[in-house]
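Content type mmCIF, C-alpha atoms, from the file final.cif:
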```cif
data_final
loop_
_atom_site.label_atom_id
_atom_site.label_comp_id
_atom_site.auth_asym_id
_atom_site.auth_seq_id
_atom_site.Cartn_x
_atom_site.Cartn_y
_atom_site.Cartn_z
CA MET A 1 -12.51 -23.05 11.88
CA ASP A 2 -14.74 -20.92 14.11
CA THR A 3 -15.75 -17.58 12.59
CA LEU A 4 -16.94 -15.05 15.14
CA LYS A 5 -18.88 -12.21 13.52
CA VAL A 6 -19.06 -9.15 15.76
CA ARG A 7 -21.69 -6.39 15.70
CA ASP A 8 -20.00 -3.70 17.78
CA ALA A 9 -16.94 -2.86 19.87
CA LYS A 10 -18.47 -4.58 22.91
CA ASP A 11 -18.61 -7.83 20.97
CA VAL A 12 -14.97 -7.42 19.98
CA GLU A 13 -13.97 -6.94 23.63
CA GLU A 14 -15.82 -10.11 24.63
CA VAL A 15 -14.30 -12.19 21.83
CA VAL A 16 -10.78 -11.01 22.62
CA ARG A 17 -11.21 -11.61 26.36
CA ALA A 18 -12.51 -15.12 25.70
CA ALA A 19 -9.56 -15.75 23.40
CA ILE A 20 -7.15 -14.63 26.14
CA ALA A 21 -8.85 -16.87 28.69
CA ASN A 22 -8.69 -19.86 26.33
CA GLU A 23 -5.21 -18.97 25.07
CA GLN A 24 -6.65 -19.14 21.56
CA PRO A 25 -5.14 -16.66 19.07
CA LEU A 26 -7.45 -14.89 16.64
CA GLU A 27 -7.13 -14.09 12.97
CA ILE A 28 -8.64 -10.65 12.30
CA ILE A 29 -10.39 -10.18 8.96
CA GLY A 30 -12.79 -7.82 7.21
CA HIS A 31 -13.55 -9.58 3.94
CA GLY A 32 -10.18 -11.35 3.83
CA SER A 33 -9.00 -9.73 0.59
CA LYS A 34 -5.40 -9.48 1.88
CA ARG A 35 -5.22 -12.83 3.68
CA GLY A 36 -2.66 -14.00 1.15
CA ILE A 37 -0.10 -11.42 2.35
CA GLY A 38 2.04 -12.51 5.28
CA HIS A 39 2.66 -15.87 6.92
CA ALA A 40 -0.02 -18.46 7.52
CA MET A 41 -1.40 -18.12 11.04
CA ALA A 42 -1.84 -21.09 13.37
CA THR A 43 -5.31 -20.31 14.64
CA ASN A 44 -8.69 -22.01 14.64
CA ALA A 45 -10.69 -18.85 15.26
CA VAL A 46 -11.44 -15.90 13.00
CA LEU A 47 -12.68 -12.55 14.29
CA ASP A 48 -14.79 -11.13 11.45
CA VAL A 49 -15.41 -7.37 11.63
CA SER A 50 -17.19 -7.07 8.26
CA ALA A 51 -20.50 -6.21 9.98
CA LEU A 52 -18.87 -3.07 11.44
CA ASN A 53 -19.45 -1.34 8.11
CA ALA A 54 -21.17 1.96 8.88
CA ILE A 55 -20.03 5.37 7.76
CA THR A 56 -20.32 7.12 11.11
CA ALA A 57 -19.82 10.72 10.00
CA TYR A 58 -18.70 12.55 6.89
CA GLU A 59 -18.01 16.27 7.04
CA PRO A 60 -16.82 17.34 3.58
CA ASN A 61 -16.31 20.95 4.65
CA GLU A 62 -14.06 19.82 7.52
CA LEU A 63 -12.21 17.34 5.26
CA ILE A 64 -12.76 14.40 7.61
CA VAL A 65 -14.63 11.11 7.46
CA THR A 66 -15.25 8.68 10.33
CA LEU A 67 -15.90 5.06 9.43
CA GLN A 68 -16.24 1.68 11.04
CA ALA A 69 -13.32 -0.59 10.19
CA GLY A 70 -15.35 -3.01 8.08
CA ALA A 71 -16.69 -0.32 5.76
CA PRO A 72 -16.00 -1.41 2.14
CA LEU A 73 -13.26 0.75 0.64
CA ALA A 74 -15.02 0.91 -2.74
CA ASP A 75 -18.17 2.35 -1.13
CA VAL A 76 -16.19 4.93 0.81
CA LEU A 77 -14.27 6.00 -2.30
CA SER A 78 -17.58 6.43 -4.15
CA LEU A 79 -18.99 8.48 -1.28
CA ILE A 80 -16.11 10.93 -1.09
CA ASP A 81 -15.76 11.05 -4.88
CA ALA A 82 -19.36 12.31 -5.05
CA LYS A 83 -18.13 15.33 -3.06
CA ASN A 84 -15.10 15.63 -5.34
CA GLN A 85 -12.77 14.44 -2.60
CA GLN A 86 -10.20 11.65 -2.27
CA PHE A 87 -7.69 9.94 -0.01
CA ALA A 88 -4.57 11.80 -1.09
CA PHE A 89 -2.26 8.83 -0.42
CA GLU A 90 -3.99 6.77 -3.17
CA PRO A 91 -4.59 3.47 -1.33
CA MET A 92 -3.57 0.51 -3.42
CA ASN A 93 -6.22 -1.99 -4.52
CA THR A 94 -4.48 -5.36 -4.19
CA ALA A 95 -7.34 -7.41 -5.70
CA LEU A 96 -6.00 -7.77 -9.25
CA LEU A 97 -2.44 -8.43 -8.10
CA LEU A 98 -3.53 -11.11 -5.63
CA GLY A 99 -6.40 -12.46 -7.73
CA THR A 100 -9.00 -11.86 -5.00
CA PRO A 101 -12.43 -10.18 -5.10
CA ALA A 102 -12.27 -6.37 -4.76
CA LEU A 103 -13.69 -6.42 -1.24
CA GLY A 104 -11.09 -4.45 0.69
CA THR A 105 -12.17 -2.59 3.82
CA ILE A 106 -11.07 0.62 5.50
CA GLY A 107 -9.52 -1.36 8.36
CA GLY A 108 -7.55 -3.47 5.90
CA MET A 109 -6.41 -0.35 4.06
CA ILE A 110 -4.99 1.10 7.29
CA ALA A 111 -3.58 -2.21 8.58
CA ALA A 112 -1.71 -2.81 5.31
CA GLY A 113 -0.68 0.82 4.83
CA LEU A 114 0.00 0.38 1.10
CA ALA A 115 0.07 3.86 -0.42
CA GLY A 116 0.06 4.61 -4.13
CA PRO A 117 2.04 6.90 -6.45
CA ARG A 118 1.18 10.14 -4.62
CA ARG A 119 3.01 8.88 -1.54
CA ILE A 120 6.01 10.98 -2.61
CA ARG A 121 4.00 14.15 -2.18
CA ALA A 122 1.11 13.41 0.17
CA GLY A 123 2.65 10.90 2.58
CA GLY A 124 1.34 7.47 3.50
CA ALA A 125 -1.82 6.11 5.10
CA ARG A 126 -0.50 6.85 8.59
CA ASP A 127 -0.18 10.54 7.74
CA HIS A 128 -3.91 10.73 6.98
CA LEU A 129 -5.14 8.73 9.97
CA LEU A 130 -6.40 11.25 12.53
CA GLY A 131 -7.86 8.93 15.13
CA ALA A 132 -9.02 5.41 15.89
CA HIS A 133 -11.14 3.37 18.26
CA ALA A 134 -9.75 -0.11 18.79
CA VAL A 135 -9.65 -3.09 21.13
CA SER A 136 -6.22 -4.13 22.40
CA GLY A 137 -4.91 -7.61 23.09
CA PHE A 138 -5.89 -7.00 26.74
CA GLY A 139 -9.54 -7.01 25.62
CA ASP A 140 -9.90 -3.31 26.43
CA SER A 141 -11.30 -0.61 24.16
CA PHE A 142 -9.17 2.47 23.69
CA LYS A 143 -9.33 5.66 21.70
CA THR A 144 -6.37 7.43 20.14
CA GLY A 145 -6.16 10.66 18.20
CA GLY A 146 -9.22 12.76 17.45
CA LYS A 147 -11.46 14.24 14.82
CA VAL A 148 -9.57 17.41 14.03
CA VAL A 149 -6.72 17.80 11.58
CA LYS A 150 -4.57 19.75 14.05
CA ASN A 151 -4.92 17.31 16.94
CA VAL A 152 -1.89 17.47 19.27
CA THR A 153 -3.19 15.86 22.44
CA GLY A 154 -1.42 12.88 23.93
CA TYR A 155 0.60 10.21 22.17
CA ASP A 156 -0.14 9.70 18.49
CA LEU A 157 -0.76 5.99 18.97
CA CYS A 158 -3.04 5.69 15.96
CA LYS A 159 -0.01 6.07 13.66
CA LEU A 160 1.31 2.75 15.01
CA LEU A 161 -1.79 0.96 13.74
CA ALA A 162 -1.05 1.87 10.12
CA GLY A 163 0.99 -0.94 8.60
CA SER A 164 0.69 -3.15 11.70
CA TRP A 165 -1.23 -5.87 9.81
CA GLY A 166 -3.67 -6.36 12.66
CA THR A 167 -1.04 -7.38 15.22
CA LEU A 168 -1.53 -4.53 17.71
CA SER A 169 -5.29 -4.18 18.06
CA VAL A 170 -8.64 -4.74 16.41
CA MET A 171 -9.66 -1.44 14.89
CA THR A 172 -13.39 -0.76 15.19
CA GLU A 173 -13.60 2.83 13.93
CA VAL A 174 -11.18 5.25 12.26
CA THR A 175 -11.18 8.94 11.36
CA LEU A 176 -9.34 9.91 8.20
CA LYS A 177 -8.42 13.13 6.49
CA VAL A 178 -9.77 13.59 2.97
CA MET A 179 -8.58 16.11 0.39
CA PRO A 180 -10.18 17.88 -2.58
CA LYS A 181 -9.61 16.14 -5.90
CA PRO A 182 -7.52 18.23 -8.29
CA GLU A 183 -9.43 20.01 -11.03
CA ALA A 184 -7.09 18.60 -13.67
CA GLU A 185 -4.24 16.17 -14.10
CA ARG A 186 -1.64 16.07 -16.84
CA THR A 187 0.86 13.28 -17.38
CA LEU A 188 3.97 13.61 -19.50
CA LEU A 189 5.18 10.44 -21.22
CA LEU A 190 8.75 9.72 -22.28
CA ARG A 191 9.24 6.64 -24.43
CA GLY A 192 12.12 4.23 -24.83
CA LEU A 193 14.35 5.25 -21.90
CA ASP A 194 16.49 2.65 -20.16
CA ASP A 195 16.23 2.38 -16.38
CA ALA A 196 19.19 4.65 -15.63
CA ALA A 197 18.02 7.43 -17.98
CA ALA A 198 14.48 7.13 -16.62
CA ASN A 199 15.82 7.46 -13.07
CA LYS A 200 17.63 10.66 -14.06
CA ALA A 201 14.51 12.04 -15.76
CA MET A 202 12.34 11.31 -12.71
CA THR A 203 14.94 12.84 -10.39
CA ALA A 204 15.08 15.99 -12.54
CA ALA A 205 11.29 16.25 -12.55
CA LEU A 206 10.94 15.71 -8.80
CA GLY A 207 13.71 18.22 -8.12
CA SER A 208 12.01 20.85 -10.27
CA PRO A 209 9.64 23.55 -8.95
CA PHE A 210 6.72 22.10 -10.92
CA ASP A 211 5.14 20.08 -8.08
CA VAL A 212 5.20 16.61 -9.64
CA SER A 213 2.77 14.25 -7.86
CA GLY A 214 3.74 11.00 -9.55
CA ALA A 215 6.93 9.65 -11.16
CA ALA A 216 7.06 6.08 -12.46
CA HIS A 217 8.83 3.98 -15.06
CA LEU A 218 7.75 0.80 -16.83
CA PRO A 219 10.89 -0.65 -18.47
CA ASN A 220 11.01 -2.25 -21.86
CA SER A 221 9.53 -5.70 -21.22
CA ALA A 222 9.24 -8.91 -23.15
CA PHE A 223 6.53 -10.01 -20.71
CA ARG A 224 4.07 -7.17 -21.17
CA THR A 225 2.43 -8.71 -24.20
CA LYS A 226 -0.72 -6.69 -23.58
CA THR A 227 -0.88 -3.03 -22.62
CA GLU A 228 -2.66 -3.75 -19.32
CA GLY A 229 -4.65 -0.67 -18.39
CA LEU A 230 -2.58 1.51 -20.71
CA GLY A 231 -5.04 1.55 -23.61
CA ASP A 232 -3.49 3.20 -26.66
CA ILE A 233 -0.76 4.93 -24.62
CA ALA A 234 1.96 2.31 -25.03
CA SER A 235 2.76 -0.21 -27.71
CA GLN A 236 3.56 -3.79 -26.73
CA GLY A 237 6.26 -3.95 -24.05
CA GLU A 238 7.46 -0.40 -24.73
CA ALA A 239 9.47 1.42 -22.04
CA LEU A 240 7.42 4.27 -20.62
CA THR A 241 8.44 6.97 -18.12
CA VAL A 242 5.48 8.91 -16.71
CA LEU A 243 5.33 12.13 -14.68
CA ARG A 244 2.11 13.55 -13.24
CA LEU A 245 1.11 17.13 -12.47
CA GLU A 246 -2.16 18.02 -10.73
CA GLY A 247 -4.03 21.16 -9.77
CA ILE A 248 -6.25 23.79 -11.33
CA THR A 249 -6.36 23.41 -15.10
CA ALA A 250 -4.40 26.52 -16.03
CA SER A 251 -1.65 25.70 -13.52
CA ALA A 252 -1.36 22.02 -14.49
CA ALA A 253 -1.17 22.92 -18.18
CA HIS A 254 1.45 25.62 -17.60
CA ARG A 255 3.62 23.39 -15.41
CA ALA A 256 3.35 20.55 -17.93
CA GLY A 257 4.69 22.86 -20.62
CA SER A 258 7.58 23.96 -18.44
CA LEU A 259 8.39 20.40 -17.37
CA ARG A 260 8.38 19.26 -20.99
CA GLU A 261 11.10 21.83 -21.73
CA LEU A 262 13.12 20.67 -18.72
CA LEU A 263 12.89 17.05 -19.92
CA ALA A 264 13.82 17.82 -23.54
CA PRO A 265 17.29 16.23 -23.14
CA PHE A 266 15.54 12.90 -22.46
CA GLY A 267 13.28 13.08 -25.52
CA THR A 268 10.04 14.68 -26.63
CA ALA A 269 7.37 14.16 -24.00
CA THR A 270 3.79 13.54 -25.07
CA LEU A 271 0.80 14.56 -22.97
CA VAL A 272 -2.05 12.52 -21.50
CA GLU A 273 -4.91 14.33 -19.79
CA ASP A 274 -7.50 13.73 -17.07
CA SER A 275 -9.39 10.41 -17.42
CA ALA A 276 -6.68 8.76 -19.55
CA SER A 277 -4.06 9.97 -17.07
CA ALA A 278 -6.11 8.66 -14.12
CA ALA A 279 -6.40 5.23 -15.75
CA LEU A 280 -2.65 5.13 -16.35
CA TRP A 281 -1.87 5.91 -12.69
CA ALA A 282 -4.42 3.35 -11.46
CA THR A 283 -2.53 0.78 -13.56
CA ILE A 284 0.72 1.71 -11.83
CA ARG A 285 -0.84 1.96 -8.36
CA ASP A 286 -2.40 -1.51 -8.59
CA VAL A 287 0.56 -3.07 -10.47
CA LEU A 288 -1.68 -4.36 -13.26
CA PRO A 289 1.19 -5.60 -15.49
CA PHE A 290 1.78 -8.26 -12.80
CA ALA A 291 -1.92 -9.07 -12.30
CA ALA A 292 -2.82 -12.58 -11.17
CA ASP A 293 -4.73 -13.26 -14.39
CA GLY A 294 -1.90 -11.95 -16.61
CA ALA A 295 1.22 -13.45 -18.15
CA LEU A 296 3.16 -13.24 -14.86
CA GLY A 297 0.27 -14.23 -12.62
CA ALA A 298 2.05 -17.31 -11.26
CA TRP A 299 5.25 -15.41 -10.41
CA PRO A 300 6.06 -14.19 -6.89
CA VAL A 301 5.94 -10.41 -6.55
CA TRP A 302 8.19 -8.36 -4.27
CA ARG A 303 7.65 -4.79 -3.10
CA ILE A 304 11.04 -3.17 -2.52
CA VAL A 305 11.47 0.29 -0.97
CA CYS A 306 14.88 1.89 -1.38
CA PRO A 307 16.55 5.30 -1.82
CA PRO A 308 15.29 6.62 -5.20
CA ALA A 309 18.83 7.23 -6.45
CA SER A 310 19.58 3.51 -6.04
CA GLY A 311 16.36 2.26 -7.63
CA ALA A 312 17.42 1.90 -11.26
CA ALA A 313 20.63 0.01 -10.50
CA LEU A 314 18.88 -2.30 -8.03
CA GLY A 315 15.95 -3.05 -10.33
CA THR A 316 18.17 -3.61 -13.36
CA LEU A 317 20.41 -5.96 -11.39
CA LEU A 318 17.51 -8.01 -10.03
CA ALA A 319 15.86 -8.33 -13.43
CA ARG A 320 19.14 -9.39 -15.03
CA GLU A 321 20.09 -11.87 -12.28
CA THR A 322 16.70 -13.55 -12.04
CA GLY A 323 15.17 -13.10 -15.49
CA GLY A 324 12.33 -11.20 -13.87
CA ASP A 325 10.43 -8.00 -14.63
CA VAL A 326 10.28 -4.76 -12.64
CA ILE A 327 8.21 -1.57 -12.40
CA TYR A 328 9.42 1.61 -10.69
CA ASP A 329 7.25 4.07 -8.75
CA TRP A 330 8.02 6.91 -6.32
CA GLY A 331 10.73 8.26 -8.60
CA GLY A 332 12.65 4.98 -8.26
CA GLY A 333 12.07 4.61 -4.50
CA LEU A 334 9.53 1.79 -4.92
CA ILE A 335 10.28 -1.25 -7.07
CA TRP A 336 7.73 -3.92 -7.88
CA ALA A 337 9.57 -7.06 -8.97
CA ALA A 338 7.90 -10.12 -10.50
CA LEU A 339 10.46 -12.92 -10.45
CA PRO A 340 10.33 -16.41 -12.01
CA PRO A 341 8.90 -19.11 -9.71
CA LYS A 342 11.42 -20.61 -7.31
CA SER A 343 11.02 -22.41 -3.98
CA ASP A 344 12.54 -19.46 -2.08
CA ALA A 345 11.07 -16.74 -4.36
CA HIS A 346 14.68 -15.50 -4.87
CA ALA A 347 14.57 -14.16 -1.30
CA PRO A 348 18.34 -14.32 -0.57
CA SER A 349 19.18 -12.33 -3.69
CA VAL A 350 16.35 -9.80 -3.21
CA ARG A 351 17.21 -9.20 0.44
CA GLN A 352 20.95 -8.99 -0.17
CA ARG A 353 20.52 -6.47 -2.97
CA ALA A 354 17.97 -4.39 -1.03
CA ASN A 355 20.05 -4.42 2.14
CA ALA A 356 23.12 -3.27 0.23
CA VAL A 357 21.43 0.05 -0.65
CA GLY A 358 19.63 0.53 2.67
CA GLY A 359 16.27 -0.70 1.37
CA HIS A 360 13.78 -3.32 2.50
CA ALA A 361 11.65 -5.88 0.70
CA THR A 362 8.22 -7.46 1.31
CA LEU A 363 6.98 -10.56 -0.47
CA ILE A 364 3.48 -9.43 -1.45
CA ARG A 365 2.44 -12.38 -3.60
CA ALA A 366 3.61 -15.98 -3.27
CA ALA A 367 2.12 -19.43 -2.78
CA GLU A 368 1.51 -20.49 0.81
CA ASP A 369 4.24 -23.15 0.74
CA VAL A 370 6.75 -20.45 -0.24
CA ARG A 371 5.51 -18.13 2.50
CA ARG A 372 6.05 -20.91 5.05
CA THR A 373 9.76 -21.08 4.25
CA VAL A 374 10.64 -17.46 3.41
CA ASP A 375 10.44 -14.33 5.57
CA VAL A 376 7.61 -12.34 3.96
CA PHE A 377 8.43 -9.12 5.79
CA GLN A 378 11.91 -7.68 6.08
CA PRO A 379 13.77 -9.22 9.07
CA GLN A 380 14.59 -6.38 11.44
CA ALA A 381 17.94 -5.49 12.94
CA PRO A 382 18.18 -6.69 16.58
CA GLY A 383 17.66 -3.26 18.15
CA ILE A 384 14.65 -2.44 15.97
CA ALA A 385 13.21 -5.92 16.48
CA ALA A 386 13.47 -5.52 20.27
CA LEU A 387 11.74 -2.14 20.13
CA SER A 388 8.99 -3.52 17.85
CA GLU A 389 8.45 -6.41 20.24
CA ARG A 390 8.13 -4.04 23.21
CA VAL A 391 5.53 -2.01 21.32
CA ARG A 392 3.61 -5.14 20.34
CA ALA A 393 3.72 -6.52 23.88
CA GLY A 394 2.38 -3.19 25.14
CA PHE A 395 -0.72 -3.71 23.02
CA ASP A 396 -1.04 -7.50 23.00
CA PRO A 397 1.10 -9.28 25.64
CA LYS A 398 -0.32 -12.77 24.93
CA THR A 399 0.08 -12.44 21.13
CA ILE A 400 -3.62 -13.11 20.64
CA LEU A 401 -4.05 -10.95 17.51
CA ASN A 402 -2.84 -12.26 14.13
CA ARG A 403 -0.14 -14.37 15.78
CA GLY A 404 2.59 -15.32 13.34
CA ARG A 405 1.49 -13.10 10.47
CA LEU A 406 4.57 -10.85 10.51
CA THR A 407 7.31 -13.23 11.63
CA ARG A 408 7.96 -16.76 10.44
CA GLY A 409 8.07 -19.24 13.28
CA ASP A 410 5.75 -17.22 15.54
CA ALA A 411 2.66 -19.20 14.66
CA ALA A 412 3.20 -21.87 17.28
#
```
Once more with this new file: its structure as structure tokens, please.
Amino acid sequence: MDTLKVRDAKDVEEVVRAAIANEQPLEIIGHGSKRGIGHAMATNAVLDVSALNAITAYEPNELIVTLQAGAPLADVLSLIDAKNQQFAFEPMNTALLLGTPALGTIGGMIAAGLAGPRRIRAGGARDHLLGAHAVSGFGDSFKTGGKVVKNVTGYDLCKLLAGSWGTLSVMTEVTLKVMPKPEAERTLLLRGLDDAAANKAMTAALGSPFDVSGAAHLPNSAFRTKTEGLGDIASQGEALTVLRLEGITASAAHRAGSLRELLAPFGTATLVEDSASAALWATIRDVLPFAADGALGAWPVWRIVCPPASGAALGTLLARETGGDVIYDWGGGLIWAALPPKSDAHAPSVRQRANAVGGHATLIRAAEDVRRTVDVFQPQAPGIAALSERVRAGFDPKTILNRGRLTRGDAA
């Protein structure tokens, strides 16, 4: 397989134009840490943007950072952390779940659009993407958005790039909004709740005036033999419902006290503070109980988004029907489901159950032979599919970029 390493946007244009001329589709990668998500692509050429790794500009006082797409995410997080800032949407690190090196890039973060627990309050990756420079499937460079938070000029095309999995353009540079890190975080823990009670507790917390920034539930589990990332917080396999509050110390402490009173009908909540709280939420964000080197490492993992009120019933049903294990985030609106190995990864059951409540499911982890026979991404309704195809064709009419990654059967 030919790997074409580019040094700048001009190189990207030339590679894409040559690919169009030769009718040779390209696989776009940074360090390839998320290559295992999506369908296998029928291509003999890889466009490697990992050398586009510069941090172009960082203006902490303006709350913006401009980066080349191949910039390592870990380096960028260290840079902004040194200024006590963060990406508010908590980008997920997929490395432990997929069993890959932790080499994710900024471009991959945007292309995947996988936001963490604070998604319920801060929005997703697309909401923090202010602008982008990219090369389309025509081989032309274009710029969308800008470098100011209140940019209202023209079409907000950069939002389309978030979650597009590299099928619309090759991003070369992006500008993102950063936010100050909270002075303190407090997490309340409720132990031993079943899924339905946990769903009610999370709903009560999120409906309260106490500005909850994370609401998750790890059900009682026979599979969680270790307390992955939870330290001394949870005993083996214990059900744990967790609710996070952030802000200045006095405010976070006061709201935690008030929320504890509100949650009294569900049990006595215990408190975890600051670094221990951060470690707990990183465990949930990166789905460590289902890590590739853990007890369920060989099991396929689904990411199901649904209305939060339907989450507990859906997750309970799936776990019971399949013998699998689930974790709830986003107050019940995001379900991670690790299901026993099966040739179709339980896709018919997962999709039927998700569709019934107006949700959608993505197969995040599965062997390549499974991903060849199962739709990884949610099949779209005809009208939405037609609109998506028009958008894609507007960026890449010859389907040169990541052909076949999103839709099974498109790799030919």
> Using the chain letters and numbers from the file, which residues does the PyMOL selection byres ((chain A and resi 85) around 12) grab, as a list in words?
Replying inline: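 The output of the PyMOL selection byres ((chain A and resi 85) around 12) on this file is Tyr58, Glu59, Pro60, Asn61, Glu62, Leu63, Ile64, Val65, Val76, Leu77, Ser78, Leu79, Ile80, Asp81, Ala82, Lys83, Asn84, Gln86, Phe87, Ala88, Glu90, Lys177, Val178, Met179, Pro180, Lys181, Pro182 and Glu183 of chain A.
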> Could you spell out the hits of the PyMOL selection byres ((chain A and resi 35-42) around 6) on the shown file, as a list of chain:residue names?
Replying inline: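 Taken on the displayed file, the PyMOL selection byres ((chain A and resi 35-42) around 6) yields the residues A:Gly32, A:Ser33, A:Lys34, A:Thr43, A:Ile364, A:Arg371, A:Val376, A:Gly404, A:Arg405, A:Ala411.
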> Once the PyMOL selection byres ((chain A and resi 310) around 12) has been applied to the shown file, what residues remain in the selection, as a ChimeraX atom specification?
Replying inline: /A:195-196,199-200,203,304-309,311-317,328,331-335,353-359
> Using only C-alpha atoms, which of A:Arg260, A:Arg118, A:Lys398, A:His133 sits nearest Leu188 of chain A?
Replying inline: A:Arg260
> Which residues, written as a ChimeraX atom specification, have at least one atom at most 9 Å from segment 256-259 of chain A, with all atoms listed in the file counted and residues fewer than 2 positions away on the same chain left out?
Replying inline: /A:186-188,205,208,210,244-245,251-254,261-264,271
Mind dumping the selected residues with C-alpha atoms as a tab-separated table (two decimals), in the frame of the given file?
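For reference, selection.tsv as written:
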```tsv
chain	number	residue	atom	x	y	z
A	186	ARG	CA	-1.64	16.07	-16.84
A	187	THR	CA	0.86	13.28	-17.38
A	188	LEU	CA	3.97	13.61	-19.50
A	205	ALA	CA	11.29	16.25	-12.55
A	208	SER	CA	12.01	20.85	-10.27
A	210	PHE	CA	6.72	22.10	-10.92
A	244	ARG	CA	2.11	13.55	-13.24
A	245	LEU	CA	1.11	17.13	-12.47
A	251	SER	CA	-1.65	25.70	-13.52
A	252	ALA	CA	-1.36	22.02	-14.49
A	253	ALA	CA	-1.17	22.92	-18.18
A	254	HIS	CA	1.45	25.62	-17.60
A	261	GLU	CA	11.10	21.83	-21.73
A	262	LEU	CA	13.12	20.67	-18.72
A	263	LEU	CA	12.89	17.05	-19.92
A	264	ALA	CA	13.82	17.82	-23.54
A	271	LEU	CA	0.80	14.56	-22.97
```
>> Between atom CA of Ala282 of chain A and atom CA of Ala197 of chain A, what is the distance in Å, rounded to a tenth?
In response: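 Separation of atom CA of Ala282 of chain A and atom CA of Ala197 of chain A: 23.7 Å.
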>> Would you compute the distance between atom CA of Gly124 of chain A and atom CA of Gly163 of chain A? Give it in Å to one decimal.
In response: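 Computing it gives 9.8 Å between the two atoms.
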>> Using Å and a single decimal, report how far atom CA of Leu189 of chain A sits from atom CA of Met92 of chain A.
In response: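 Spanning atom CA of Met92 of chain A to atom CA of Leu189 of chain A is a straight-line distance of 22.2 Å.
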> Quick one: of A:Leu339, A:Ala57, A:Met1, A:Ile29, who's nearest to Gly108 of chain A, counting all atoms listed in the file?
Replying inline: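 Closest candidate: A:Ile29.
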Box time for segment 349-368 of chain A: axis-aligned, enclosing all its listed atoms, 6 Å extra on each side; report centre and edge lengths in Å to one decimal, as JSON.
```
{"center_x": 12.3, "center_y": -10.0, "center_z": -0.5, "size_x": 33.6, "size_y": 33.0, "size_z": 18.4}
```
>> Just want the 10 Å neighbourhood of Ala134 of chain A, counted on only C-alpha atoms, with same-chain residues fewer than 4 positions away dropped. Output as a list in words.
In response: Ala9, Val12, Glu13, Ala69, Gly139, Asp140, Ser141, Phe142, Lys143, Thr144, Cys158, Leu161, Leu168, Ser169, Val170, Met171, Thr172, Glu173 and Val174 of chain A
Please rebuild segment 367-377 of chain A with N, CA, C and O atoms and return the result as a PDB file, in the coordinates of the input.
```pdb
ATOM      1  N   ALA A 367       2.910 -18.291  -3.238  1.00  0.00           N
ATOM      2  CA  ALA A 367       2.120 -19.430  -2.780  1.00  0.00           C
ATOM      3  C   ALA A 367       2.373 -19.664  -1.293  1.00  0.00           C
ATOM      4  O   ALA A 367       3.422 -19.301  -0.756  1.00  0.00           O
ATOM      5  N   GLU A 368       1.403 -20.305  -0.633  1.00  0.00           N
ATOM      6  CA  GLU A 368       1.510 -20.490   0.810  1.00  0.00           C
ATOM      7  C   GLU A 368       2.727 -21.326   1.190  1.00  0.00           C
ATOM      8  O   GLU A 368       3.380 -21.055   2.207  1.00  0.00           O
ATOM      9  N   ASP A 369       3.075 -22.337   0.381  1.00  0.00           N
ATOM     10  CA  ASP A 369       4.240 -23.150   0.740  1.00  0.00           C
ATOM     11  C   ASP A 369       5.522 -22.332   0.695  1.00  0.00           C
ATOM     12  O   ASP A 369       6.450 -22.563   1.479  1.00  0.00           O
ATOM     13  N   VAL A 370       5.587 -21.339  -0.202  1.00  0.00           N
ATOM     14  CA  VAL A 370       6.750 -20.450  -0.240  1.00  0.00           C
ATOM     15  C   VAL A 370       6.762 -19.555   0.994  1.00  0.00           C
ATOM     16  O   VAL A 370       7.807 -19.355   1.627  1.00  0.00           O
ATOM     17  N   ARG A 371       5.599 -19.042   1.351  1.00  0.00           N
ATOM     18  CA  ARG A 371       5.510 -18.130   2.500  1.00  0.00           C
ATOM     19  C   ARG A 371       5.782 -18.847   3.827  1.00  0.00           C
ATOM     20  O   ARG A 371       6.066 -18.216   4.838  1.00  0.00           O
ATOM     21  N   ARG A 372       5.706 -20.158   3.833  1.00  0.00           N
ATOM     22  CA  ARG A 372       6.050 -20.910   5.050  1.00  0.00           C
ATOM     23  C   ARG A 372       7.562 -21.004   5.244  1.00  0.00           C
ATOM     24  O   ARG A 372       8.042 -21.215   6.355  1.00  0.00           O
ATOM     25  N   THR A 373       8.321 -20.874   4.160  1.00  0.00           N
ATOM     26  CA  THR A 373       9.760 -21.080   4.250  1.00  0.00           C
ATOM     27  C   THR A 373      10.582 -19.812   4.064  1.00  0.00           C
ATOM     28  O   THR A 373      11.798 -19.831   4.259  1.00  0.00           O
ATOM     29  N   VAL A 374       9.936 -18.720   3.689  1.00  0.00           N
ATOM     30  CA  VAL A 374      10.640 -17.460   3.410  1.00  0.00           C
ATOM     31  C   VAL A 374      10.071 -16.369   4.321  1.00  0.00           C
ATOM     32  O   VAL A 374       8.870 -16.343   4.585  1.00  0.00           O
ATOM     33  N   ASP A 375      10.920 -15.490   4.808  1.00  0.00           N
ATOM     34  CA  ASP A 375      10.440 -14.330   5.570  1.00  0.00           C
ATOM     35  C   ASP A 375       9.705 -13.392   4.612  1.00  0.00           C
ATOM     36  O   ASP A 375      10.306 -12.828   3.694  1.00  0.00           O
ATOM     37  N   VAL A 376       8.409 -13.222   4.827  1.00  0.00           N
ATOM     38  CA  VAL A 376       7.610 -12.340   3.960  1.00  0.00           C
ATOM     39  C   VAL A 376       7.990 -10.889   4.176  1.00  0.00           C
ATOM     40  O   VAL A 376       8.190 -10.127   3.234  1.00  0.00           O
ATOM     41  N   PHE A 377       8.079 -10.506   5.447  1.00  0.00           N
ATOM     42  CA  PHE A 377       8.430  -9.120   5.790  1.00  0.00           C
ATOM     43  C   PHE A 377       9.926  -9.047   6.099  1.00  0.00           C
ATOM     44  O   PHE A 377      10.539 -10.016   6.534  1.00  0.00           O
TER      45      PHE A 377
END
```
